[in-house]
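Here is the file work-v4.cif (mmCIF, C-alpha atoms).
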```cif
data_query
#
loop_
_atom_site.label_atom_id
_atom_site.label_comp_id
_atom_site.auth_asym_id
_atom_site.auth_seq_id
_atom_site.Cartn_x
_atom_site.Cartn_y
_atom_site.Cartn_z
CA MET A 1 15.14 25.97 -11.61
CA ARG A 2 14.39 24.57 -8.16
CA GLU A 3 10.92 23.43 -7.09
CA VAL A 4 9.55 22.18 -3.80
CA LEU A 5 7.18 19.22 -3.44
CA ASN A 6 5.17 18.83 -0.26
CA ALA A 7 4.77 15.08 0.36
CA ARG A 8 4.07 15.36 4.08
CA ARG A 9 1.57 12.83 5.54
CA LEU A 10 1.95 10.59 2.52
CA LEU A 11 3.18 7.05 3.05
CA CYS A 12 5.44 5.22 0.62
CA PRO A 13 5.14 4.72 -2.25
CA LEU A 14 2.99 7.85 -2.61
CA PRO A 15 5.93 10.28 -2.06
CA VAL A 16 7.79 8.38 -4.80
CA ILE A 17 4.76 8.56 -7.12
CA ARG A 18 4.36 12.29 -6.49
CA THR A 19 8.11 12.77 -7.10
CA GLN A 20 7.91 10.74 -10.30
CA ASP A 21 4.94 12.79 -11.55
CA LYS A 22 6.61 16.10 -10.67
CA VAL A 23 9.91 15.14 -12.31
CA LYS A 24 8.04 14.45 -15.57
CA GLN A 25 7.17 18.17 -15.66
CA LEU A 26 10.79 19.30 -15.11
CA GLN A 27 13.77 19.63 -17.41
CA PRO A 28 17.18 17.89 -17.11
CA GLY A 29 19.29 19.82 -14.63
CA ASP A 30 16.31 21.16 -12.68
CA GLN A 31 16.28 20.52 -8.93
CA LEU A 32 13.41 19.23 -6.82
CA GLU A 33 13.22 19.42 -3.03
CA VAL A 34 10.83 16.78 -1.64
CA ILE A 35 9.61 17.23 1.95
CA CYS A 36 8.18 14.10 3.56
CA THR A 37 7.17 12.64 6.92
CA ASP A 38 7.55 8.94 6.05
CA PRO A 39 11.14 7.87 6.88
CA GLY A 40 10.86 5.23 4.15
CA VAL A 41 11.58 7.93 1.56
CA MET A 42 15.21 7.97 2.68
CA GLN A 43 15.58 4.58 0.95
CA ASP A 44 12.83 4.72 -1.66
CA ILE A 45 13.46 8.07 -3.37
CA PRO A 46 17.24 7.51 -3.76
CA ALA A 47 16.48 3.99 -5.14
CA TRP A 48 13.96 5.47 -7.57
CA CYS A 49 16.53 8.10 -8.60
CA ARG A 50 19.23 5.48 -9.18
CA ILE A 51 17.09 3.33 -11.48
CA ASN A 52 15.71 6.29 -13.40
CA GLY A 53 18.93 8.23 -13.90
CA HIS A 54 18.40 11.13 -11.48
CA LYS A 55 20.89 12.35 -8.87
CA VAL A 56 20.30 12.85 -5.14
CA LEU A 57 22.11 16.06 -4.13
CA GLU A 58 21.14 16.20 -0.44
CA SER A 59 19.17 14.21 2.09
CA SER A 60 18.48 15.33 5.65
CA SER A 61 16.07 14.79 8.51
CA GLY A 62 14.91 16.63 11.60
CA GLY A 63 11.73 17.28 13.54
CA HIS A 64 10.09 14.18 12.07
CA GLU A 65 10.57 15.51 8.55
CA TYR A 66 12.74 14.05 5.81
CA ILE A 67 14.03 16.20 2.96
CA ILE A 68 15.59 14.98 -0.27
CA VAL A 69 16.93 17.28 -2.98
CA LEU A 70 17.38 15.69 -6.38
CA GLU A 71 18.61 16.82 -9.76
CA VAL A 72 16.66 15.66 -12.77
CA GLY A 73 18.73 13.49 -15.11
CA GLY A 74 18.89 13.73 -18.89
CA MET B 1 11.88 -10.90 -11.07
CA LEU B 2 12.47 -14.36 -12.60
CA ALA B 3 10.01 -13.74 -15.42
CA ALA B 4 11.73 -10.47 -16.27
CA LYS B 5 15.16 -12.06 -16.06
CA THR B 6 14.07 -14.94 -18.32
CA VAL B 7 12.96 -12.54 -21.05
CA MET B 8 15.88 -10.15 -20.56
CA GLU B 9 18.25 -13.10 -21.11
CA GLN B 10 16.85 -13.22 -24.64
CA GLY B 11 17.89 -9.63 -25.26
CA VAL B 12 14.43 -8.12 -24.77
CA HIS B 13 14.22 -4.61 -23.26
CA VAL B 14 12.06 -4.79 -20.13
CA GLU B 15 10.70 -2.03 -17.87
CA GLY B 16 8.68 -2.62 -14.71
CA ILE B 17 5.25 -1.35 -13.72
CA ASN B 18 4.05 -1.34 -10.12
CA PHE B 19 0.42 -0.44 -9.39
CA PHE B 20 -0.41 1.26 -6.07
CA THR B 21 -3.98 0.48 -4.97
CA GLY B 22 -3.75 1.95 -1.46
CA PHE B 23 -3.91 -1.53 0.07
CA CYS B 24 -0.27 -2.43 -0.53
CA VAL B 25 1.42 -3.52 2.71
CA GLU B 26 4.72 -2.13 1.42
CA GLY B 27 6.42 -0.43 4.32
CA HIS B 28 3.43 1.44 5.69
CA THR B 29 3.74 0.28 9.26
CA HIS B 30 7.40 1.27 9.05
CA GLY B 31 6.23 4.73 8.11
CA ILE B 32 3.89 4.94 11.09
CA ARG B 33 4.82 2.75 14.03
CA GLU B 34 7.76 3.76 16.19
CA ARG B 35 8.70 0.16 17.03
CA ASP B 36 9.03 -0.77 13.34
CA LYS B 37 11.35 2.06 12.39
CA ALA B 38 14.49 0.20 13.42
CA LYS B 39 13.68 -2.68 11.06
CA PRO B 40 15.41 -2.64 7.70
CA LYS B 41 13.02 -1.28 5.12
CA ARG B 42 12.88 -1.44 1.39
CA ASN B 43 10.29 -1.07 -1.31
CA ASN B 44 10.42 -4.45 -2.98
CA SER B 45 9.44 -3.29 -6.46
CA LEU B 46 12.14 -0.60 -6.45
CA TRP B 47 14.64 -3.08 -5.07
CA VAL B 48 13.82 -5.68 -7.72
CA ALA B 49 14.06 -3.09 -10.51
CA GLU B 50 17.46 -2.03 -9.23
CA GLN B 51 18.67 -5.63 -9.05
CA LEU B 52 17.52 -6.20 -12.63
CA GLY B 53 18.89 -2.87 -13.84
CA ILE B 54 15.55 -1.81 -15.31
CA LYS B 55 13.37 1.28 -15.02
CA LEU B 56 10.29 1.08 -12.80
CA HIS B 57 7.07 3.03 -13.26
CA ILE B 58 4.88 3.27 -10.15
CA VAL B 59 1.30 3.99 -11.09
CA ASP B 60 -1.34 5.39 -8.74
CA VAL B 61 -4.57 3.44 -9.39
CA ILE B 62 -6.29 4.26 -6.10
CA GLU B 63 -9.42 5.80 -7.64
CA GLU B 64 -9.83 3.29 -10.45
CA TYR B 65 -9.29 0.39 -8.08
CA LYS B 66 -12.43 1.24 -6.13
CA LYS B 67 -14.71 -0.34 -8.70
CA VAL B 68 -12.62 -3.54 -8.56
CA LEU B 69 -12.87 -3.83 -4.80
CA ILE B 70 -16.43 -2.63 -4.39
CA ASN B 71 -18.01 -4.90 -6.96
CA PRO B 72 -15.68 -7.70 -8.08
CA LYS B 73 -17.21 -9.73 -10.91
CA HIS B 74 -15.38 -12.87 -9.79
CA GLY B 75 -15.96 -12.37 -6.07
CA TYR B 76 -13.69 -12.21 -3.03
CA GLY B 77 -11.15 -14.71 -1.69
CA ALA B 78 -10.95 -15.79 1.95
CA ASN B 79 -11.19 -12.14 3.08
CA MET B 80 -11.93 -8.98 1.09
CA ASN B 81 -9.32 -9.83 -1.54
CA PRO B 82 -10.73 -9.71 -5.08
CA CYS B 83 -7.62 -11.45 -6.47
CA LEU B 84 -8.86 -12.48 -9.92
CA ASP B 85 -10.54 -9.14 -10.65
CA CYS B 86 -7.44 -7.39 -9.32
CA LYS B 87 -5.18 -9.31 -11.69
CA ILE B 88 -7.49 -8.62 -14.65
CA PHE B 89 -7.54 -4.93 -13.73
CA MET B 90 -3.76 -4.67 -13.44
CA VAL B 91 -3.11 -6.48 -16.70
CA SER B 92 -5.66 -4.20 -18.40
CA LYS B 93 -3.81 -1.16 -17.01
CA ALA B 94 -0.53 -2.67 -18.22
CA LYS B 95 -2.08 -3.12 -21.69
CA GLN B 96 -3.08 0.55 -21.66
CA TRP B 97 0.44 1.50 -20.56
CA ILE B 98 2.25 -0.47 -23.29
CA VAL B 99 0.04 1.12 -25.95
CA GLU B 100 0.72 4.62 -24.61
CA ASN B 101 4.46 3.98 -24.29
CA ASN B 102 5.13 1.98 -27.47
CA PHE B 103 6.00 -1.34 -25.86
CA ASP B 104 5.20 -4.62 -27.63
CA PHE B 105 3.93 -7.04 -25.00
CA ILE B 106 3.35 -7.69 -21.30
CA ILE B 107 5.04 -10.25 -19.07
CA THR B 108 3.92 -11.38 -15.61
CA GLY B 109 5.39 -13.81 -13.12
CA GLU B 110 2.22 -15.91 -12.97
CA VAL B 111 2.52 -19.67 -12.59
CA ILE B 112 -0.32 -22.12 -13.19
CA GLY B 113 -1.53 -23.53 -9.87
CA GLN B 114 0.56 -21.15 -7.73
CA ARG B 115 -2.39 -19.42 -6.11
CA PRO B 116 -5.76 -21.06 -5.37
CA MET B 117 -7.95 -18.28 -6.76
CA SER B 118 -6.15 -16.22 -9.34
CA GLN B 119 -3.43 -18.46 -10.73
CA ARG B 120 -5.19 -21.59 -11.96
CA LYS B 121 -5.17 -23.16 -15.42
CA ALA B 122 -8.78 -22.04 -15.84
CA THR B 123 -8.12 -18.42 -14.84
CA MET B 124 -5.12 -17.81 -17.12
CA PRO B 125 -7.26 -17.31 -20.27
CA ILE B 126 -9.81 -15.31 -18.26
CA VAL B 127 -7.13 -12.79 -17.22
CA ALA B 128 -5.83 -12.55 -20.80
CA LYS B 129 -9.29 -12.15 -22.33
CA GLU B 130 -11.03 -9.89 -19.80
CA SER B 131 -8.02 -7.57 -19.48
CA GLY B 132 -7.99 -7.07 -23.25
CA ALA B 133 -4.33 -8.10 -23.37
CA ASP B 134 -5.19 -11.39 -25.13
CA ASP B 135 -2.12 -12.90 -26.71
CA LEU B 136 0.08 -9.95 -25.82
CA LEU B 137 0.26 -11.41 -22.31
CA LEU B 138 3.26 -13.70 -21.89
CA ARG B 139 3.88 -15.71 -18.72
CA PRO B 140 7.53 -16.76 -19.14
CA LEU B 141 7.56 -19.05 -16.08
CA CYS B 142 4.76 -21.33 -17.34
CA ALA B 143 4.54 -20.38 -21.03
CA LYS B 144 5.21 -23.93 -22.26
CA ASN B 145 2.02 -25.09 -20.54
CA LEU B 146 -0.06 -22.48 -22.35
CA PRO B 147 -0.86 -21.76 -26.01
CA ALA B 148 1.83 -19.76 -27.80
CA THR B 149 1.34 -16.01 -27.51
CA LEU B 150 2.05 -13.40 -30.19
CA PRO B 151 5.62 -12.70 -28.98
CA GLU B 152 6.36 -16.44 -29.26
CA ARG B 153 4.68 -16.90 -32.64
CA GLU B 154 6.42 -13.83 -34.07
CA GLY B 155 9.80 -14.97 -32.75
CA TRP B 156 10.27 -11.92 -30.49
CA VAL B 157 11.06 -14.48 -27.79
CA ASP B 158 12.18 -18.08 -28.15
CA ARG B 159 9.46 -20.30 -26.65
CA GLU B 160 12.00 -23.09 -26.14
CA LYS B 161 13.87 -20.90 -23.65
CA LEU B 162 10.75 -20.22 -21.59
CA HIS B 163 9.59 -22.44 -18.73
CA ASP B 164 6.90 -24.98 -17.78
CA ILE B 165 6.54 -24.49 -14.01
CA THR B 166 3.26 -25.54 -12.37
CA GLY B 167 1.94 -25.92 -8.82
CA ARG B 168 2.30 -24.31 -5.43
CA SER B 169 5.87 -25.36 -4.74
CA ARG B 170 8.38 -22.60 -5.21
CA LYS B 171 11.33 -24.97 -5.49
CA PRO B 172 11.62 -24.58 -9.30
CA GLN B 173 11.70 -20.79 -8.87
CA MET B 174 14.30 -21.08 -6.11
CA ALA B 175 16.45 -23.29 -8.35
CA MET B 176 16.08 -20.78 -11.19
CA ALA B 177 17.02 -17.92 -8.86
CA GLU B 178 20.16 -19.81 -7.89
CA LYS B 179 20.99 -20.34 -11.55
CA PHE B 180 20.62 -16.61 -12.20
CA GLY B 181 22.79 -15.86 -9.15
CA ILE B 182 19.89 -14.28 -7.26
CA ASP B 183 20.18 -15.04 -3.54
CA ASP B 184 17.75 -12.47 -2.11
CA TYR B 185 14.16 -12.05 -3.22
CA ALA B 186 10.74 -10.99 -1.96
CA GLN B 187 8.34 -13.71 -0.87
CA PRO B 188 4.92 -12.13 -1.15
CA ALA B 189 2.51 -15.14 -1.33
CA GLY B 190 -0.51 -12.94 -0.63
CA GLY B 191 1.20 -11.04 2.19
CA CYS B 192 1.69 -7.93 0.10
CA CYS B 193 -1.97 -6.83 0.21
CA PHE B 194 -3.93 -5.71 3.27
CA LEU B 195 -7.11 -7.12 1.71
CA THR B 196 -5.85 -10.66 2.36
CA ASP B 197 -5.65 -9.81 6.08
CA LYS B 198 -8.61 -10.97 8.19
CA SER B 199 -8.42 -8.15 10.73
CA TYR B 200 -8.05 -5.42 8.09
CA SER B 201 -10.93 -6.88 6.06
CA ALA B 202 -13.17 -6.87 9.15
CA LYS B 203 -12.44 -3.16 9.65
CA LEU B 204 -13.22 -2.41 6.00
CA VAL B 205 -16.54 -4.29 6.15
CA ASP B 206 -17.40 -2.45 9.39
CA LEU B 207 -16.68 0.89 7.70
CA TRP B 208 -18.94 0.09 4.75
CA LYS B 209 -21.70 -1.20 7.02
CA ALA B 210 -21.59 1.89 9.25
CA ARG B 211 -21.74 4.26 6.28
CA ASP B 212 -24.31 2.14 4.46
CA SER B 213 -22.11 2.52 1.39
CA LYS B 214 -19.19 0.59 -0.05
CA ASP B 215 -17.36 3.77 -1.03
CA TYR B 216 -14.09 4.84 0.60
CA GLU B 217 -11.34 7.43 0.36
CA LEU B 218 -7.58 6.97 0.62
CA ASP B 219 -7.62 8.42 4.15
CA ASP B 220 -10.10 5.71 5.21
CA VAL B 221 -7.80 3.04 3.80
CA MET B 222 -4.80 4.52 5.60
CA LEU B 223 -6.57 4.88 8.95
CA LEU B 224 -7.72 1.24 8.83
CA LYS B 225 -4.01 0.38 9.08
CA VAL B 226 -3.59 2.38 12.27
CA GLY B 227 -4.65 2.00 15.91
CA ARG B 228 -7.32 0.06 17.80
CA HIS B 229 -10.75 0.44 16.20
CA ILE B 230 -13.66 0.49 18.63
CA ARG B 231 -17.31 0.97 17.67
CA PRO B 232 -19.40 1.65 20.79
CA LYS B 233 -22.44 2.60 18.69
CA ALA B 234 -23.42 2.16 15.04
CA HIS B 235 -23.04 5.87 14.26
CA PHE B 236 -19.51 6.44 15.55
CA LYS B 237 -16.17 4.72 15.81
CA MET B 238 -13.02 5.44 17.81
CA ILE B 239 -9.48 5.00 16.50
CA VAL B 240 -7.10 4.75 19.46
CA ALA B 241 -3.38 5.26 18.82
CA ARG B 242 -1.39 2.32 20.17
CA GLU B 243 1.94 4.09 20.38
CA GLU B 244 3.73 7.40 19.77
CA GLY B 245 4.33 6.88 16.06
CA GLU B 246 0.66 6.16 15.40
CA GLY B 247 -0.34 9.17 17.50
CA ARG B 248 1.96 11.41 15.46
CA PHE B 249 0.54 10.04 12.21
CA MET B 250 -3.03 10.55 13.44
CA GLN B 251 -2.25 14.18 14.40
CA GLY B 252 -2.44 14.88 10.67
CA TYR B 253 -6.14 13.99 10.68
CA LYS B 254 -7.26 16.35 13.46
CA ARG B 255 -8.87 18.70 10.93
CA ASP B 256 -10.94 15.85 9.51
CA TYR B 257 -12.11 14.15 12.72
CA ILE B 258 -13.10 15.10 16.26
CA SER B 259 -10.17 14.06 18.44
CA MET B 260 -9.51 13.46 22.14
CA LEU B 261 -6.46 13.53 24.37
CA CYS B 262 -6.18 13.14 28.14
CA THR B 263 -4.54 16.25 29.63
CA SER B 264 -4.27 15.22 33.30
CA HIS B 265 -2.41 11.98 32.57
CA SER B 266 -0.48 10.67 29.57
CA GLY B 267 -2.60 8.75 27.12
CA PRO B 268 -3.26 8.07 23.44
CA LEU B 269 -4.64 10.39 20.80
CA VAL B 270 -8.09 9.22 19.68
CA LEU B 271 -9.97 10.10 16.48
CA LEU B 272 -13.76 9.81 16.27
CA ASP B 273 -15.28 8.82 12.94
CA GLY B 274 -19.02 9.41 12.51
CA SER B 275 -21.47 11.73 14.23
CA PRO B 276 -21.24 11.29 18.00
CA SER B 277 -23.74 13.12 20.26
CA ALA B 278 -22.70 14.94 23.45
CA GLU B 279 -23.55 11.79 25.42
CA ASP B 280 -21.45 9.72 22.98
CA LEU B 281 -18.51 12.08 23.48
CA TYR B 282 -18.65 11.42 27.22
CA LEU B 283 -18.66 7.67 26.59
CA ALA B 284 -15.77 8.00 24.11
CA ALA B 285 -13.82 10.10 26.63
CA SER B 286 -14.27 7.46 29.33
CA ILE B 287 -13.06 4.76 26.90
CA THR B 288 -10.10 6.94 25.87
CA ALA B 289 -9.20 7.38 29.57
CA ARG B 290 -9.20 3.60 29.95
CA TYR B 291 -6.23 3.41 27.57
CA GLY B 292 -4.13 6.05 29.39
CA GLN B 293 -2.07 6.26 32.57
CA GLY B 294 -5.12 7.61 34.40
CA ARG B 295 -7.09 4.40 33.89
CA ASP B 296 -7.25 3.77 37.68
CA ALA B 297 -7.94 7.40 38.64
CA GLU B 298 -11.34 8.50 39.96
CA GLN B 299 -11.50 11.17 37.29
CA VAL B 300 -9.35 12.50 34.45
CA ASP B 301 -9.35 15.67 32.30
CA MET B 302 -10.08 14.96 28.65
CA ALA B 303 -9.55 17.57 25.93
CA ILE B 304 -12.00 17.32 23.03
CA MET B 305 -10.81 18.99 19.83
CA GLU B 306 -13.35 19.83 17.15
CA LYS B 307 -12.44 19.81 13.44
CA ASP B 308 -12.36 23.63 13.39
CA GLY B 309 -9.64 23.62 16.06
CA SER B 310 -11.85 24.70 18.97
CA GLU B 311 -11.17 22.79 22.15
CA ARG B 312 -12.87 22.12 25.48
CA THR B 313 -12.07 19.92 28.43
CA ILE B 314 -14.42 17.60 30.28
CA GLN B 315 -13.91 15.51 33.39
CA VAL B 316 -14.69 11.80 33.07
CA LYS B 317 -14.37 8.62 35.06
CA PRO B 318 -12.32 6.06 33.09
CA LEU B 319 -14.28 3.05 31.92
CA ALA B 320 -13.31 0.01 33.97
CA VAL B 321 -11.09 -2.40 32.07
CA ASP B 322 -13.70 -5.19 32.25
CA LYS B 323 -16.54 -2.92 31.14
CA LEU B 324 -15.51 -2.65 27.51
CA PRO B 325 -17.71 -5.12 25.61
CA GLU B 326 -15.75 -7.46 23.33
CA GLU B 327 -18.16 -6.80 20.45
CA TRP B 328 -17.17 -3.11 20.38
CA LEU B 329 -13.66 -4.08 19.28
CA ILE B 330 -13.46 -4.33 15.49
#
```

Spit out the file's structure as structure tokens when you get a sec.
Amino acid sequence: MREVLNARRLLCPLPVIRTQDKVKQLQPGDQLEVICTDPGVMQDIPAWCRINGHKVLESSSGGHEYIIVLEVGG
Amino acid sequence: MLAAKTVMEQGVHVEGINFFTGFCVEGHTHGIRERDKAKPKRNNSLWVAEQLGIKLHIVDVIEEYKKVLINPKHGYGANMNPCLDCKIFMVSKAKQWIVENNFDFIITGEVIGQRPMSQRKATMPIVAKESGADDLLLRPLCAKNLPATLPEREGWVDREKLHDITGRSRKPQMAMAEKFGIDDYAQPAGGCCFLTDKSYSAKLVDLWKARDSKDYELDDVMLLKVGRHIRPKAHFKMIVAREEGEGRFMQGYKRDYISMLCTSHSGPLVLLDGSPSAEDLYLAASITARYGQGRDAEQVDMAIMEKDGSERTIQVKPLAVDKLPEEWLI
């Protein structure tokens, strides 16, 4: 399953908090696409994933938006 | 970081909790201002957790924190910082968290005498008692100067391997960091909270005074971090973007505030908070023009955008640079 989280306009650490809360509702192996406008997420969400056992599959930016796709860990 | 490391060295499983109040300085100007984007950025709590190899739980306490800030039992510090009440609140939330998540006790990095308001010998028992954590609250860096807590009495941690640091100097912590092989660490010392900032506190007090209420929303807190704040009259305030990044961030608030932008010359986006009259809008437009490239023009075109998206343009003469009263600047 793949879900999308709109974290536009939120400043760090709110996109991380919203990601954390959303991931709690997902199952291992599920994917979550997080769309943000704070460039800080490019460091913060991967760091959060590393310490909590999730995997970043893709990260990209364009048009002042930053997108991270992660896979929920077990 | 050192407190966690001290306890982890004894084989104790530690996880981190970071509370987000809305006033955390953490990276927000990096997220807004164009000029700050080139600076290296990291979230210190995430970074510390990664260095320690522990999980970190970031908890949104924005709503609950309002009662701490609005009516602090122990008062404010030099600015609008309710440090002691804040610490009591966070330890009480940590107590709630450990109960819900089956953890045994709480550790903090507090040191007796480190901070003038919240980290004194007299405040240590106040934090433990009023938070409800009582003797489940262990301060590994100064534990030997305090009565033994439950984890020490029960032998979950060895009190002899804890520390007895006191005072404002951070040299003992720096020596300990070196011993642990830690050569990079955050140095907050009050700089991690906007409420310790004089300018930010003045804007918050102005907001409360203008609304005749101490309440606030997250958007208020965020916008106090952005732009020049100018209050020409008691019933309305202007927020003037200082650069492109701020302007882009403020664009997101155009449905919540009346906004202005000069269309004949380049200039900043401006948000108006309050209930300005038609006459006030003209004044605000002339002030807005003063901050744009048309500041020396006889007349400029100013677009006024209402919250519903409707737009009209008026012609105004920019306010002369020396005609903006100092007391309007917040």

TODO: Kindly give the distance, in Å, that separates atom CA of A:Val56 and atom CA of B:Val59, rounded to a single decimal.
DONE: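 We find that atom CA of A:Val56 and atom CA of B:Val59 lie 21.8 Å from each other.
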
Open item on the list: I need the residue nearest chain A from this list: B:Leu56, B:Val7, B:Leu84, B:Leu69. Use all atoms listed in the file for the distance.
Closed with: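 Result for the nearest residue to chain A: B:Leu56.
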
Open item on the list: For the provided coordinates, the residues matched by the PyMOL selection byres ((chain A and resi 26) around 10) should be stated as number ranges by chain.
Closed with: A: 1-3, 21-25, 27-32, 71-73

TODO: Show me which bits of chain A are within 7 Å of chain B, counting all atoms listed in the file, as a PyMOL selection string.
DONE: chain A and resi 9+11-12+17+38-40+43-44+47-48+51-52

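Our summary of the geometry notes that atom CA of B:Ser118 is positioned 12.3 Å from atom CA of B:Arg168.
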
- [ ] Please write as a list of chain:residue names the list of polymer residues whose atoms come within 9 Å of (-16.5, 5.4, 36.2), counting all atoms listed in the file and keeping to the coordinates of the file.
- [x] B:Ser286, B:Glu298, B:Gln299, B:Val316, B:Lys317, B:Pro318, B:Leu319, B:Ala320

TODO: Would you mind telling me which residue in B:Gly181, B:Pro276, B:Gly294, B:Gly16 lies nearest to B:Phe103 when using all atoms listed in the file?
DONE: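 Once distances to B:Phe103 are computed over all atoms listed in the file, the minimum belongs to B:Gly16.
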
Considering all atoms listed in the file, return as a short mmCIF file (atom, residue, chain, number, x, y, z; two decimals) with C-alpha atoms, in the coordinates of the input whatever protein or nucleic-acid residues lie within 12 Å of B:Pro151, sequence-local ones (same chain, fewer than 6 positions apart) excluded.
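In the end it all went to part_4.cif:
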```
data_model
loop_
_atom_site.label_atom_id
_atom_site.label_comp_id
_atom_site.auth_asym_id
_atom_site.auth_seq_id
_atom_site.Cartn_x
_atom_site.Cartn_y
_atom_site.Cartn_z
CA VAL B 7 12.96 -12.54 -21.05
CA VAL B 12 14.43 -8.12 -24.77
CA PHE B 103 6.00 -1.34 -25.86
CA ASP B 104 5.20 -4.62 -27.63
CA PHE B 105 3.93 -7.04 -25.00
CA ILE B 106 3.35 -7.69 -21.30
CA ILE B 107 5.04 -10.25 -19.07
CA ASP B 134 -5.19 -11.39 -25.13
CA ASP B 135 -2.12 -12.90 -26.71
CA LEU B 136 0.08 -9.95 -25.82
CA LEU B 137 0.26 -11.41 -22.31
CA LEU B 138 3.26 -13.70 -21.89
CA ARG B 139 3.88 -15.71 -18.72
CA PRO B 140 7.53 -16.76 -19.14
CA ALA B 143 4.54 -20.38 -21.03
CA VAL B 157 11.06 -14.48 -27.79
CA ASP B 158 12.18 -18.08 -28.15
CA ARG B 159 9.46 -20.30 -26.65
CA LEU B 162 10.75 -20.22 -21.59
#
```
